[in-house]
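Structure file input-v7.pdb; described as PDB, C-alpha atoms and all ligand atoms.
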```
ATOM      1  CA  MET U1202      20.714 -10.126 -12.028
ATOM      2  CA  VAL U1203      19.509  -6.988 -10.268
ATOM      3  CA  ARG U1204      20.769  -3.764 -11.778
ATOM      4  CA  ASP U1205      21.487  -0.388 -10.326
ATOM      5  CA  ILE U1206      18.117   1.331  -9.918
ATOM      6  CA  ARG U1207      18.167   4.684 -11.697
ATOM      7  CA  THR U1208      14.867   5.032 -13.535
ATOM      8  CA  ILE U1209      11.389   4.203 -12.251
ATOM      9  CA  ALA U1210       8.324   3.306 -14.310
ATOM     10  CA  ASN U1211       5.111   3.910 -12.377
ATOM     11  CA  ILE U1212       2.040   2.215 -13.835
ATOM     12  CA  GLY U1213      -1.248   3.838 -12.755
ATOM     13  CA  SER U1214      -1.705   7.441 -11.623
ATOM     14  CA  GLY U1215      -4.743   7.072  -9.342
ATOM     15  CA  THR U1216      -5.006   7.149  -5.546
ATOM     16  CA  MET U1217      -1.881   5.069  -4.962
ATOM     17  CA  GLY U1218      -0.010   5.542  -8.243
ATOM     18  CA  HIS U1219       0.148   9.343  -8.127
ATOM     19  CA  ALA U1220       1.496   9.140  -4.576
ATOM     20  CA  THR U1221       4.206   6.568  -5.313
ATOM     21  CA  ALA U1222       5.280   8.576  -8.376
ATOM     22  CA  LEU U1223       5.586  11.658  -6.183
ATOM     23  CA  GLN U1224       7.694   9.786  -3.626
ATOM     24  CA  PHE U1225      10.182   8.609  -6.243
ATOM     25  CA  ALA U1226      10.376  12.042  -7.881
ATOM     26  CA  VAL U1227      10.891  13.771  -4.514
ATOM     27  CA  ALA U1228      13.710  11.296  -3.819
ATOM     28  CA  GLY U1229      15.403  12.393  -7.077
ATOM     29  CA  TYR U1230      14.483   9.519  -9.433
ATOM     30  CA  PRO U1231      13.296  10.103 -13.010
ATOM     31  CA  VAL U1232       9.784   8.631 -13.195
ATOM     32  CA  LYS U1233       7.937   7.369 -16.276
ATOM     33  CA  LEU U1234       4.265   7.634 -15.386
ATOM     34  CA  VAL U1235       1.881   5.400 -17.360
ATOM     35  CA  ASP U1236      -1.929   5.424 -17.469
ATOM     36  CA  CYS U1237      -4.611   4.553 -20.020
ATOM     37  CA  SER U1238      -5.208   8.039 -21.434
ATOM     38  CA  GLN U1239      -3.751  11.541 -21.430
ATOM     39  CA  GLU U1240      -6.806  12.792 -19.456
ATOM     40  CA  LEU U1241      -6.088  10.289 -16.659
ATOM     41  CA  LEU U1242      -2.418  11.255 -16.699
ATOM     42  CA  ASP U1243      -3.327  14.958 -16.529
ATOM     43  CA  ALA U1244      -5.570  14.252 -13.531
ATOM     44  CA  GLY U1245      -2.771  12.237 -11.905
ATOM     45  CA  MET U1246      -0.250  15.036 -12.538
ATOM     46  CA  ALA U1247      -2.652  17.567 -11.002
ATOM     47  CA  ARG U1248      -2.818  15.454  -7.835
ATOM     48  CA  ILE U1249       0.968  15.081  -7.821
ATOM     49  CA  ARG U1250       1.362  18.874  -8.145
ATOM     50  CA  SER U1251      -1.071  19.540  -5.333
ATOM     51  CA  ASP U1252       0.669  17.032  -3.000
ATOM     52  CA  ALA U1253       4.107  18.352  -4.005
ATOM     53  CA  GLU U1254       2.954  21.855  -3.059
ATOM     54  CA  GLU U1255       1.908  20.542   0.361
ATOM     55  CA  PHE U1256       5.313  18.856   0.709
ATOM     56  CA  ALA U1257       7.008  22.175  -0.148
ATOM     57  CA  GLN U1258       4.913  24.057   2.416
ATOM     58  CA  ALA U1259       5.751  21.447   5.059
ATOM     59  CA  GLY U1260       9.480  21.698   4.246
ATOM     60  CA  LEU U1261       9.604  18.116   2.982
ATOM     61  CA  LEU U1262      11.425  18.816  -0.301
ATOM     62  CA  ALA U1263      15.224  18.564  -0.454
ATOM     63  CA  GLN U1264      17.050  21.812   0.160
ATOM     64  CA  GLY U1265      16.962  24.093  -2.874
ATOM     65  CA  GLU U1266      14.296  21.969  -4.601
ATOM     66  CA  SER U1267      11.139  23.524  -5.988
ATOM     67  CA  VAL U1268       7.837  21.888  -6.911
ATOM     68  CA  GLU U1269       8.772  22.432 -10.578
ATOM     69  CA  ASP U1270      12.075  20.561 -10.068
ATOM     70  CA  VAL U1271      10.155  17.578  -8.680
ATOM     71  CA  LEU U1272       7.534  17.647 -11.452
ATOM     72  CA  SER U1273      10.184  17.946 -14.158
ATOM     73  CA  ARG U1274      11.429  14.446 -13.264
ATOM     74  CA  ILE U1275       8.077  12.916 -14.246
ATOM     75  CA  THR U1276       7.262  12.141 -17.881
ATOM     76  CA  THR U1277       3.933  10.688 -18.976
ATOM     77  CA  TYR U1278       3.081   7.809 -21.333
ATOM     78  CA  THR U1279      -0.045   6.033 -22.485
ATOM     79  CA  ASP U1280       1.704   2.846 -23.643
ATOM     80  CA  TYR U1281       4.019   0.304 -22.041
ATOM     81  CA  GLU U1282       6.431   0.237 -24.941
ATOM     82  CA  HIS U1283       7.594   3.773 -24.245
ATOM     83  CA  GLY U1284       6.705   3.689 -20.544
ATOM     84  CA  ALA U1285       8.595   0.546 -19.548
ATOM     85  CA  THR U1286      11.600   0.776 -21.874
ATOM     86  CA  GLY U1287      14.765   1.624 -19.963
ATOM     87  CA  ALA U1288      13.142   1.383 -16.521
ATOM     88  CA  ASP U1289      15.073  -0.396 -13.753
ATOM     89  CA  PHE U1290      12.209  -0.623 -11.270
ATOM     90  CA  ILE U1291       8.569  -0.811 -12.341
ATOM     91  CA  ILE U1292       5.842  -0.283  -9.766
ATOM     92  CA  GLU U1293       2.222  -1.032 -10.665
ATOM     93  CA  SER U1294      -0.852   0.418  -8.933
ATOM     94  CA  ILE U1295      -3.757  -0.468 -11.224
ATOM     95  CA  VAL U1296      -7.135  -2.069 -10.537
ATOM     96  CA  GLU U1297      -7.139  -4.894  -7.951
ATOM     97  CA  LYS U1298      -8.069  -7.713 -10.345
ATOM     98  CA  LEU U1299      -5.831 -10.716 -10.851
ATOM     99  CA  ASP U1300      -6.509 -11.200 -14.564
ATOM    100  CA  VAL U1301      -5.902  -7.511 -15.332
ATOM    101  CA  LYS U1302      -2.659  -7.433 -13.356
ATOM    102  CA  GLN U1303      -1.459 -10.638 -15.050
ATOM    103  CA  LYS U1304      -2.234  -9.224 -18.495
ATOM    104  CA  VAL U1305      -0.554  -5.904 -17.792
ATOM    105  CA  TRP U1306       2.600  -7.493 -16.357
ATOM    106  CA  SER U1307       2.975  -9.890 -19.293
ATOM    107  CA  GLU U1308       2.686  -6.941 -21.658
ATOM    108  CA  ILE U1309       5.204  -4.914 -19.673
ATOM    109  CA  GLU U1310       7.603  -7.872 -19.733
ATOM    110  CA  GLN U1311       7.799  -7.567 -23.517
ATOM    111  CA  TYR U1312       9.311  -4.088 -23.281
ATOM    112  CA  ALA U1313      11.095  -3.881 -19.917
ATOM    113  CA  PRO U1314      14.809  -4.594 -19.611
ATOM    114  CA  GLU U1315      15.413  -8.273 -18.726
ATOM    115  CA  ASP U1316      16.765  -7.482 -15.291
ATOM    116  CA  ALA U1317      14.239  -4.805 -14.286
ATOM    117  CA  ILE U1318      12.367  -5.398 -11.023
ATOM    118  CA  PHE U1319       8.573  -5.675 -11.167
ATOM    119  CA  ALA U1320       6.782  -4.490  -8.023
ATOM    120  CA  THR U1321       3.022  -4.755  -7.606
ATOM    121  CA  ASN U1322       1.202  -2.608  -5.079
ATOM    122  CA  THR U1323      -1.592  -5.166  -4.719
ATOM    123  CA  SER U1324      -3.550  -4.919  -1.479
ATOM    124  CA  GLY U1325      -3.788  -8.654  -1.153
ATOM    125  CA  LEU U1326      -3.711 -10.605  -4.402
ATOM    126  CA  SER U1327      -1.257 -13.495  -4.456
ATOM    127  CA  PRO U1328       2.136 -12.498  -5.908
ATOM    128  CA  THR U1329       2.641 -16.187  -6.790
ATOM    129  CA  SER U1330      -0.452 -16.016  -9.016
ATOM    130  CA  ILE U1331       0.554 -12.693 -10.583
ATOM    131  CA  GLN U1332       4.106 -13.839 -11.351
ATOM    132  CA  SER U1333       2.943 -17.210 -12.740
ATOM    133  CA  VAL U1334       2.291 -15.641 -16.172
ATOM    134  CA  LEU U1335       5.780 -14.170 -16.503
ATOM    135  CA  LYS U1336       8.732 -15.593 -18.417
ATOM    136  CA  HIS U1337      10.887 -14.450 -15.494
ATOM    137  CA  PRO U1338       8.618 -14.812 -12.445
ATOM    138  CA  GLU U1339      11.561 -14.383 -10.069
ATOM    139  CA  ARG U1340      11.659 -10.667 -10.814
ATOM    140  CA  LEU U1341       8.197  -9.860  -9.368
ATOM    141  CA  VAL U1342       7.601  -8.869  -5.757
ATOM    142  CA  VAL U1343       4.874  -7.065  -3.808
ATOM    143  CA  ALA U1344       5.642  -3.541  -2.579
ATOM    144  CA  HIS U1345       2.491  -2.777  -0.610
ATOM    145  CA  PHE U1346       2.325   0.917   0.234
ATOM    146  CA  TRP U1347      -0.250   2.151   2.712
ATOM    147  CA  ASN U1348      -2.701   4.889   1.795
ATOM    148  CA  PRO U1349      -2.002   7.837   1.721
ATOM    149  CA  ALA U1350       1.273   6.569   0.294
ATOM    150  CA  GLN U1351       2.924   9.997   0.332
ATOM    151  CA  LEU U1352       2.505  10.140   4.123
ATOM    152  CA  MET U1353       2.408   6.591   5.502
ATOM    153  CA  PRO U1354       5.903   5.219   6.150
ATOM    154  CA  LEU U1355       5.214   1.474   5.845
ATOM    155  CA  VAL U1356       5.790  -0.558   2.696
ATOM    156  CA  GLU U1357       5.314  -4.330   3.029
ATOM    157  CA  VAL U1358       7.743  -6.181   0.758
ATOM    158  CA  VAL U1359       6.249  -9.615   0.105
ATOM    159  CA  PRO U1360       7.722 -12.378  -2.078
ATOM    160  CA  GLY U1361       5.772 -14.849  -4.151
ATOM    161  CA  GLU U1362       6.975 -18.460  -4.294
ATOM    162  CA  SER U1363       9.292 -17.709  -7.231
ATOM    163  CA  THR U1364      10.585 -14.289  -6.165
ATOM    164  CA  ALA U1365      14.392 -14.063  -6.067
ATOM    165  CA  GLU U1366      15.812 -12.969  -2.743
ATOM    166  CA  GLU U1367      17.943 -10.309  -4.429
ATOM    167  CA  VAL U1368      14.756  -8.804  -5.897
ATOM    168  CA  GLU U1369      13.244  -8.543  -2.412
ATOM    169  CA  ASP U1370      16.471  -7.119  -1.002
ATOM    170  CA  ALA U1371      16.835  -4.519  -3.763
ATOM    171  CA  THR U1372      13.189  -3.485  -3.337
ATOM    172  CA  PHE U1373      13.626  -3.194   0.424
ATOM    173  CA  GLU U1374      16.729  -1.050  -0.085
ATOM    174  CA  LEU U1375      14.997   1.185  -2.639
ATOM    175  CA  MET U1376      12.072   1.771  -0.263
ATOM    176  CA  ARG U1377      14.556   2.755   2.442
ATOM    177  CA  LYS U1378      16.267   5.138  -0.001
ATOM    178  CA  ILE U1379      13.015   6.979  -0.742
ATOM    179  CA  GLY U1380      12.421   7.441   2.975
ATOM    180  CA  LYS U1381       9.971   4.624   3.662
ATOM    181  CA  LYS U1382      10.027   2.111   6.517
ATOM    182  CA  PRO U1383       9.895  -1.181   4.612
ATOM    183  CA  ALA U1384       8.988  -4.454   6.318
ATOM    184  CA  LYS U1385      10.249  -7.674   4.757
ATOM    185  CA  ILE U1386       7.509 -10.292   5.030
ATOM    186  CA  ARG U1387       8.748 -13.905   4.872
ATOM    187  CA  LYS U1388       5.985 -15.361   2.732
ATOM    188  CA  GLU U1389       2.703 -14.364   1.178
ATOM    189  CA  SER U1390      -0.561 -14.681   3.047
ATOM    190  CA  LEU U1391      -3.992 -13.128   2.644
ATOM    191  CA  GLY U1392      -3.817  -9.540   3.897
ATOM    192  CA  PHE U1393      -0.030  -9.781   4.362
ATOM    193  CA  VAL U1394       0.713  -8.576   7.928
ATOM    194  CA  GLY U1395      -0.744  -5.087   8.310
ATOM    195  CA  ASN U1396      -4.250  -5.887   7.104
ATOM    196  CA  ARG U1397      -4.411  -9.084   9.167
ATOM    197  CA  LEU U1398      -3.630  -7.063  12.289
ATOM    198  CA  GLN U1399      -5.974  -4.242  11.312
ATOM    199  CA  LEU U1400      -8.846  -6.644  10.731
ATOM    200  CA  ALA U1401      -8.232  -8.497  14.010
ATOM    201  CA  VAL U1402      -8.589  -5.222  15.922
ATOM    202  CA  LEU U1403     -11.613  -4.122  13.884
ATOM    203  CA  ARG U1404     -13.302  -7.500  14.358
ATOM    204  CA  GLU U1405     -13.164  -7.017  18.126
ATOM    205  CA  ALA U1406     -14.177  -3.326  17.855
ATOM    206  CA  PHE U1407     -17.347  -4.352  15.976
ATOM    207  CA  ASN U1408     -18.006  -7.145  18.502
ATOM    208  CA  ILE U1409     -17.703  -4.656  21.365
ATOM    209  CA  MET U1410     -20.212  -2.319  19.671
ATOM    210  CA  ASN U1411     -22.524  -5.178  18.750
ATOM    211  CA  GLU U1412     -22.603  -6.413  22.343
ATOM    212  CA  GLY U1413     -23.353  -2.898  23.611
ATOM    213  CA  ILE U1414     -20.157  -2.749  25.707
ATOM    214  CA  ALA U1415     -19.038   0.593  24.226
ATOM    215  CA  ASP U1416     -19.812   2.883  21.286
ATOM    216  CA  ALA U1417     -17.520   3.797  18.386
ATOM    217  CA  GLU U1418     -16.231   6.983  19.991
ATOM    218  CA  THR U1419     -15.367   5.227  23.254
ATOM    219  CA  ILE U1420     -13.500   2.465  21.409
ATOM    220  CA  ASP U1421     -11.499   5.032  19.442
ATOM    221  CA  THR U1422     -10.703   6.943  22.648
ATOM    222  CA  VAL U1423      -9.478   3.766  24.343
ATOM    223  CA  VAL U1424      -7.224   2.859  21.415
ATOM    224  CA  LYS U1425      -5.868   6.383  20.783
ATOM    225  CA  TYR U1426      -4.792   6.903  24.381
ATOM    226  CA  SER U1427      -3.510   3.427  25.200
ATOM    227  CA  LEU U1428      -2.735   0.930  22.460
ATOM    228  CA  GLY U1429      -2.154   3.626  19.827
ATOM    229  CA  ARG U1430       0.452   5.445  21.913
ATOM    230  CA  ARG U1431       2.135   2.281  23.058
ATOM    231  CA  TRP U1432       2.168   0.595  19.662
ATOM    232  CA  ASN U1433       3.527   3.716  18.018
ATOM    233  CA  LEU U1434       6.562   3.409  20.259
ATOM    234  CA  VAL U1435       7.217  -0.310  20.503
ATOM    235  CA  GLY U1436       4.560  -2.335  18.619
ATOM    236  CA  PRO U1437       2.220  -4.954  20.108
ATOM    237  CA  VAL U1438       4.714  -7.798  20.484
ATOM    238  CA  ALA U1439       7.349  -5.785  22.340
ATOM    239  CA  SER U1440       4.477  -4.322  24.420
ATOM    240  CA  ALA U1441       3.580  -7.850  25.512
ATOM    241  CA  ASP U1442       7.229  -8.516  26.434
ATOM    242  CA  LEU U1443       7.347  -5.306  28.452
ATOM    243  CA  GLY U1444       4.027  -6.028  30.158
ATOM    244  CA  GLY U1445       5.097  -9.578  31.076
ATOM    245  CA  LEU U1446       4.192 -12.653  29.058
ATOM    246  CA  ASP U1447       2.849 -14.435  32.170
ATOM    247  CA  THR U1448       0.250 -11.682  32.518
ATOM    248  CA  PHE U1449      -0.734 -11.949  28.855
ATOM    249  CA  TYR U1450      -0.893 -15.731  29.232
ATOM    250  CA  ASN U1451      -3.220 -15.475  32.233
ATOM    251  CA  VAL U1452      -5.437 -12.911  30.495
ATOM    252  CA  SER U1453      -5.571 -15.186  27.420
ATOM    253  CA  THR U1454      -6.869 -18.134  29.480
ATOM    254  CA  TYR U1455     -10.111 -16.353  30.405
ATOM    255  CA  LEU U1456     -10.510 -13.591  27.821
ATOM    256  CA  LEU U1457     -10.109 -15.426  24.510
ATOM    257  CA  LYS U1458     -13.049 -17.682  25.433
ATOM    258  CA  ASP U1459     -15.252 -14.614  25.724
ATOM    259  CA  MET U1460     -14.221 -13.136  22.383
ATOM    260  CA  ASP U1461     -16.041 -13.903  19.167
ATOM    261  CA  ASN U1462     -13.525 -15.067  16.593
ATOM    262  CA  GLY U1463     -16.229 -15.618  13.971
ATOM    263  CA  THR U1464     -15.304 -15.972  10.335
ATOM    264  CA  GLU U1465     -18.110 -13.856   8.844
ATOM    265  CA  PRO U1466     -18.075 -10.049   8.558
ATOM    266  CA  SER U1467     -19.717  -8.420  11.597
ATOM    267  CA  PRO U1468     -23.523  -8.020  11.242
ATOM    268  CA  LEU U1469     -23.033  -4.412  12.313
ATOM    269  CA  LEU U1470     -20.635  -3.788   9.440
ATOM    270  CA  GLU U1471     -22.904  -5.594   6.998
ATOM    271  CA  ALA U1472     -25.899  -3.461   8.053
ATOM    272  CA  LYS U1473     -23.933  -0.238   7.516
ATOM    273  CA  VAL U1474     -22.816  -1.339   4.056
ATOM    274  CA  GLN U1475     -26.353  -2.405   3.091
ATOM    275  CA  ALA U1476     -27.719   0.963   4.237
ATOM    276  CA  GLY U1477     -25.137   2.735   2.046
ATOM    277  CA  ASP U1478     -23.422   4.242   5.110
ATOM    278  CA  LEU U1479     -19.884   3.668   3.857
ATOM    279  CA  GLY U1480     -18.045   6.139   6.083
ATOM    280  CA  ALA U1481     -16.511   9.494   5.178
ATOM    281  CA  LYS U1482     -17.125   8.971   1.442
ATOM    282  CA  THR U1483     -20.931   8.931   1.879
ATOM    283  CA  GLY U1484     -21.028  11.355   4.821
ATOM    284  CA  ARG U1485     -21.997   8.689   7.338
ATOM    285  CA  GLY U1486     -20.492   5.511   8.791
ATOM    286  CA  PHE U1487     -20.090   4.953  12.515
ATOM    287  CA  TYR U1488     -19.649   8.753  12.663
ATOM    288  CA  GLU U1489     -21.265  11.642  10.766
ATOM    289  CA  TRP U1490     -18.803  13.229   8.288
ATOM    290  CA  THR U1491     -19.665  16.673   6.938
TER     291      THR U1491
HETATM  292  P1  LIG U1501      -7.373   3.866  -8.547
HETATM  293  O1  LIG U1501      -8.596   3.386  -9.225
HETATM  294  O2  LIG U1501      -7.401   5.127  -7.777
HETATM  295  O3  LIG U1501      -6.194   4.006  -9.618
HETATM  296  C1  LIG U1501      -5.912   3.044 -10.591
HETATM  297  C2  LIG U1501      -5.277   3.749 -11.766
HETATM  298  O4  LIG U1501      -4.743   2.764 -12.653
HETATM  299  C3  LIG U1501      -6.258   4.598 -12.557
HETATM  300  O5  LIG U1501      -5.687   5.867 -12.820
HETATM  301  C4  LIG U1501      -6.471   3.786 -13.828
HETATM  302  O6  LIG U1501      -6.780   4.587 -14.958
HETATM  303  C5  LIG U1501      -5.116   3.138 -13.970
HETATM  304  N1  LIG U1501      -5.116   1.927 -14.791
HETATM  305  C6  LIG U1501      -6.067   0.971 -14.848
HETATM  306  N2  LIG U1501      -5.718   0.020 -15.725
HETATM  307  C7  LIG U1501      -4.503   0.387 -16.219
HETATM  308  C8  LIG U1501      -3.631  -0.172 -17.160
HETATM  309  N3  LIG U1501      -3.931  -1.312 -17.767
HETATM  310  N4  LIG U1501      -2.464   0.474 -17.434
HETATM  311  C9  LIG U1501      -2.148   1.634 -16.819
HETATM  312  N5  LIG U1501      -2.951   2.213 -15.911
HETATM  313  C10 LIG U1501      -4.112   1.606 -15.619
HETATM  314  O7  LIG U1501      -6.912   2.641  -7.627
HETATM  315  P2  LIG U1501      -5.940   2.681  -6.352
HETATM  316  O8  LIG U1501      -6.728   2.878  -5.108
HETATM  317  O9  LIG U1501      -4.783   3.569  -6.646
HETATM  318  O10 LIG U1501      -5.462   1.145  -6.308
HETATM  319  C11 LIG U1501      -4.480   0.680  -7.196
HETATM  320  C12 LIG U1501      -3.824  -0.567  -6.601
HETATM  321  O11 LIG U1501      -3.242  -0.233  -5.322
HETATM  322  C13 LIG U1501      -4.801  -1.715  -6.348
HETATM  323  O12 LIG U1501      -4.139  -2.919  -6.584
HETATM  324  C14 LIG U1501      -5.126  -1.540  -4.880
HETATM  325  O13 LIG U1501      -5.562  -2.734  -4.283
HETATM  326  C15 LIG U1501      -3.778  -1.113  -4.337
HETATM  327  N6  LIG U1501      -3.807  -0.400  -3.059
HETATM  328  C16 LIG U1501      -4.791   0.503  -2.798
HETATM  329  C17 LIG U1501      -4.803   1.148  -1.568
HETATM  330  C18 LIG U1501      -5.875   2.164  -1.265
HETATM  331  O14 LIG U1501      -6.134   2.409  -0.077
HETATM  332  N7  LIG U1501      -6.478   2.785  -2.262
HETATM  333  C19 LIG U1501      -3.797   0.881  -0.612
HETATM  334  C20 LIG U1501      -2.782  -0.021  -0.930
HETATM  335  C21 LIG U1501      -2.786  -0.675  -2.164
END
```
Any chance you could put this one into structure tokens?
Ligand code: NAD
Amino acid sequence: MVRDIRTIANIGSGTMGHATALQFAVAGYPVKLVDCSQELLDAGMARIRSDAEEFAQAGLLAQGESVEDVLSRITTYTDYEHGATGADFIIESIVEKLDVKQKVWSEIEQYAPEDAIFATNTSGLSPTSIQSVLKHPERLVVAHFWNPAQLMPLVEVVPGESTAEEVEDATFELMRKIGKKPAKIRKESLGFVGNRLQLAVLREAFNIMNEGIADAETIDTVVKYSLGRRWNLVGPVASADLGGLDTFYNVSTYLLKDMDNGTEPSPLLEAKVQAGDLGAKTGRGFYEWT
């Protein structure tokens, strides 16, 4: 069923979409970039150009390649008929709303080749729900890039209940080909794997602050110079193996009881959000950002 992947259609040219389009173009694939209007596409292309220039300065383009070579592989469209026709792999990074994604994918299905792969870059919507509206649900899979997608290596490849294994495998292989470090997740779950882990750590970081044990800067120092270094090399599970599972077992017997595994967002986080202190984007979060 799965065909040779030669042409990419990239739906959405915003924060994630412009970056995935760049990655495919840098890897040598022709990319059909689709957004709702020419103005949005122009803005997306401007971001792609600016990131491609940074890639060039950092020596990240293939030998002999210029920014113009990369950009020349990208063509822009404001409709799915022209955007999806002839594409072998279609990646979507549009608004995170189930009904919108379902509508867009059913429209794309009318024009895409029958054996094209559909990949959604949803942060956490259920692929089973997205694919349920398709005539061929087995062709849809999640390819969850991490932001900034042009720099972060991980892509979580997550099947829905109907996703064909060959679709997952081909997506995994394509991500590897464009230089990513894909992770094949066995089944869908809220937050997939990366966001579950991220939230578990953040939950405890907020608890630590809330209980007055340490401030934000101290927590970040502890993580950067211990867990961060270690996890960058071997990950948390191998770290536990290396440390000795008996030790982690013994620590678990007394420590887990003392940790708050509450199911509500931290009151500290809620207070920040209510005060409009949303982090770097508003100039203040747990830190001041100028
Ligand atoms: P964004 O708002 O920056 O970009 C969305 C783009 O899609 C816009 O350019 C918009 O005009 C376009 N668009 C909207 N409807 C469209 C349609 N029907 N057809 C074509 N284009 C359309 O959003 P984003 O941050 O890039 O997020 C996009 C998706 O990626 C979401 O599902 C989000 O959850 C996911 N995601 C985001 C991040 C992140 O950190 N921003 C990380 C991973 C995944």
Would you please work out which residue, of U:Arg1250, U:Arg1207, U:His1219, U:Arg1377, is nearest to ligand LIG 1501 (chain U) when using only C-alpha atoms and all ligand atoms?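 Under the stated criterion, the closest residue is U:His1219.
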Quick one: everything within 12 Å of range 1438-1441 of chain U, counting all atoms listed in the file, minus sequence neighbours fewer than 6 positions away in the same chain. Send it as a count of residues only. 13
Dump as a list in words all residues having an atom at most 8 Å from (6.7, -14.5, -4.0), computed in the file's coordinates with all atoms listed in the file.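 Looking at atoms near the point gives Pro1328, Thr1329, Gln1332, Glu1339, Leu1341, Val1342, Val1343, Val1359, Pro1360, Gly1361, Glu1362, Ser1363, Thr1364, Ala1365, Lys1388 and Glu1389 of chain U.
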Would you put the residues from that selection into a file with C-alpha atoms, as an mmCIF file, in the coordinates of the input?
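Okay, this is what ended up in selection-v1.cif:
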```
data_model
loop_
_atom_site.group_PDB
_atom_site.id
_atom_site.type_symbol
_atom_site.label_atom_id
_atom_site.label_comp_id
_atom_site.auth_asym_id
_atom_site.auth_seq_id
_atom_site.Cartn_x
_atom_site.Cartn_y
_atom_site.Cartn_z
ATOM 1 C CA PRO U 1328 2.136 -12.498 -5.908
ATOM 2 C CA THR U 1329 2.641 -16.187 -6.790
ATOM 3 C CA GLN U 1332 4.106 -13.839 -11.351
ATOM 4 C CA GLU U 1339 11.561 -14.383 -10.069
ATOM 5 C CA LEU U 1341 8.197 -9.860 -9.368
ATOM 6 C CA VAL U 1342 7.601 -8.869 -5.757
ATOM 7 C CA VAL U 1343 4.874 -7.065 -3.808
ATOM 8 C CA VAL U 1359 6.249 -9.615 0.105
ATOM 9 C CA PRO U 1360 7.722 -12.378 -2.078
ATOM 10 C CA GLY U 1361 5.772 -14.849 -4.151
ATOM 11 C CA GLU U 1362 6.975 -18.460 -4.294
ATOM 12 C CA SER U 1363 9.292 -17.709 -7.231
ATOM 13 C CA THR U 1364 10.585 -14.289 -6.165
ATOM 14 C CA ALA U 1365 14.392 -14.063 -6.067
ATOM 15 C CA LYS U 1388 5.985 -15.361 2.732
ATOM 16 C CA GLU U 1389 2.703 -14.364 1.178
#
```
Target residues per the PyMOL selection byres (((chain U and resi 1206) around 10) and not hetatm), formatted as a ChimeraX atom specification: /U:1203-1205,1207-1209,1230,1288-1290,1317-1318,1371-1372,1375
Any chance you could work out the residue set of the PyMOL selection byres (((not hetatm)) within 7 of (chain U and resi 1501)) here, as a PyMOL selection string? chain U and resi 1212-1218+1235-1237+1241+1294-1297+1301+1305+1322-1325+1345-1348
What is the distance between CA of Phe1487 in chain U and CA of Val1424 in chain U, in Å to one decimal?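 Interatomic distance here is 15.8 Å.
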Once N, CA and C atoms are restored for range 1380-1392 of chain U, what would the output be as a CSV table (one decimal), in the coordinates of the input?
```
chain,number,residue,atom,x,y,z
U,1380,GLY,N,12.9,6.9,1.7
U,1380,GLY,CA,12.4,7.4,3.0
U,1380,GLY,C,11.3,6.6,3.6
U,1381,LYS,N,11.0,5.4,3.1
U,1381,LYS,CA,10.0,4.6,3.7
U,1381,LYS,C,10.5,3.7,4.8
U,1382,LYS,N,9.6,3.1,5.5
U,1382,LYS,CA,10.0,2.1,6.5
U,1382,LYS,C,9.5,0.8,6.0
U,1383,PRO,N,10.4,0.1,5.2
U,1383,PRO,CA,9.9,-1.2,4.6
U,1383,PRO,C,9.9,-2.3,5.6
U,1384,ALA,N,9.0,-3.3,5.5
U,1384,ALA,CA,9.0,-4.5,6.3
U,1384,ALA,C,9.1,-5.7,5.4
U,1385,LYS,N,10.1,-6.5,5.6
U,1385,LYS,CA,10.2,-7.7,4.8
U,1385,LYS,C,9.4,-8.8,5.3
U,1386,ILE,N,8.4,-9.2,4.6
U,1386,ILE,CA,7.5,-10.3,5.0
U,1386,ILE,C,8.1,-11.6,4.5
U,1387,ARG,N,8.1,-12.7,5.3
U,1387,ARG,CA,8.7,-13.9,4.9
U,1387,ARG,C,8.0,-14.6,3.7
U,1388,LYS,N,6.7,-14.7,3.8
U,1388,LYS,CA,6.0,-15.4,2.7
U,1388,LYS,C,4.6,-14.7,2.6
U,1389,GLU,N,4.0,-15.0,1.4
U,1389,GLU,CA,2.7,-14.4,1.2
U,1389,GLU,C,1.6,-15.0,2.0
U,1390,SER,N,0.6,-14.2,2.4
U,1390,SER,CA,-0.6,-14.7,3.0
U,1390,SER,C,-1.6,-13.7,2.8
U,1391,LEU,N,-2.9,-14.1,2.9
U,1391,LEU,CA,-4.0,-13.1,2.6
U,1391,LEU,C,-3.8,-11.9,3.6
U,1392,GLY,N,-3.9,-10.7,3.1
U,1392,GLY,CA,-3.8,-9.5,3.9
U,1392,GLY,C,-2.4,-9.2,4.4
```
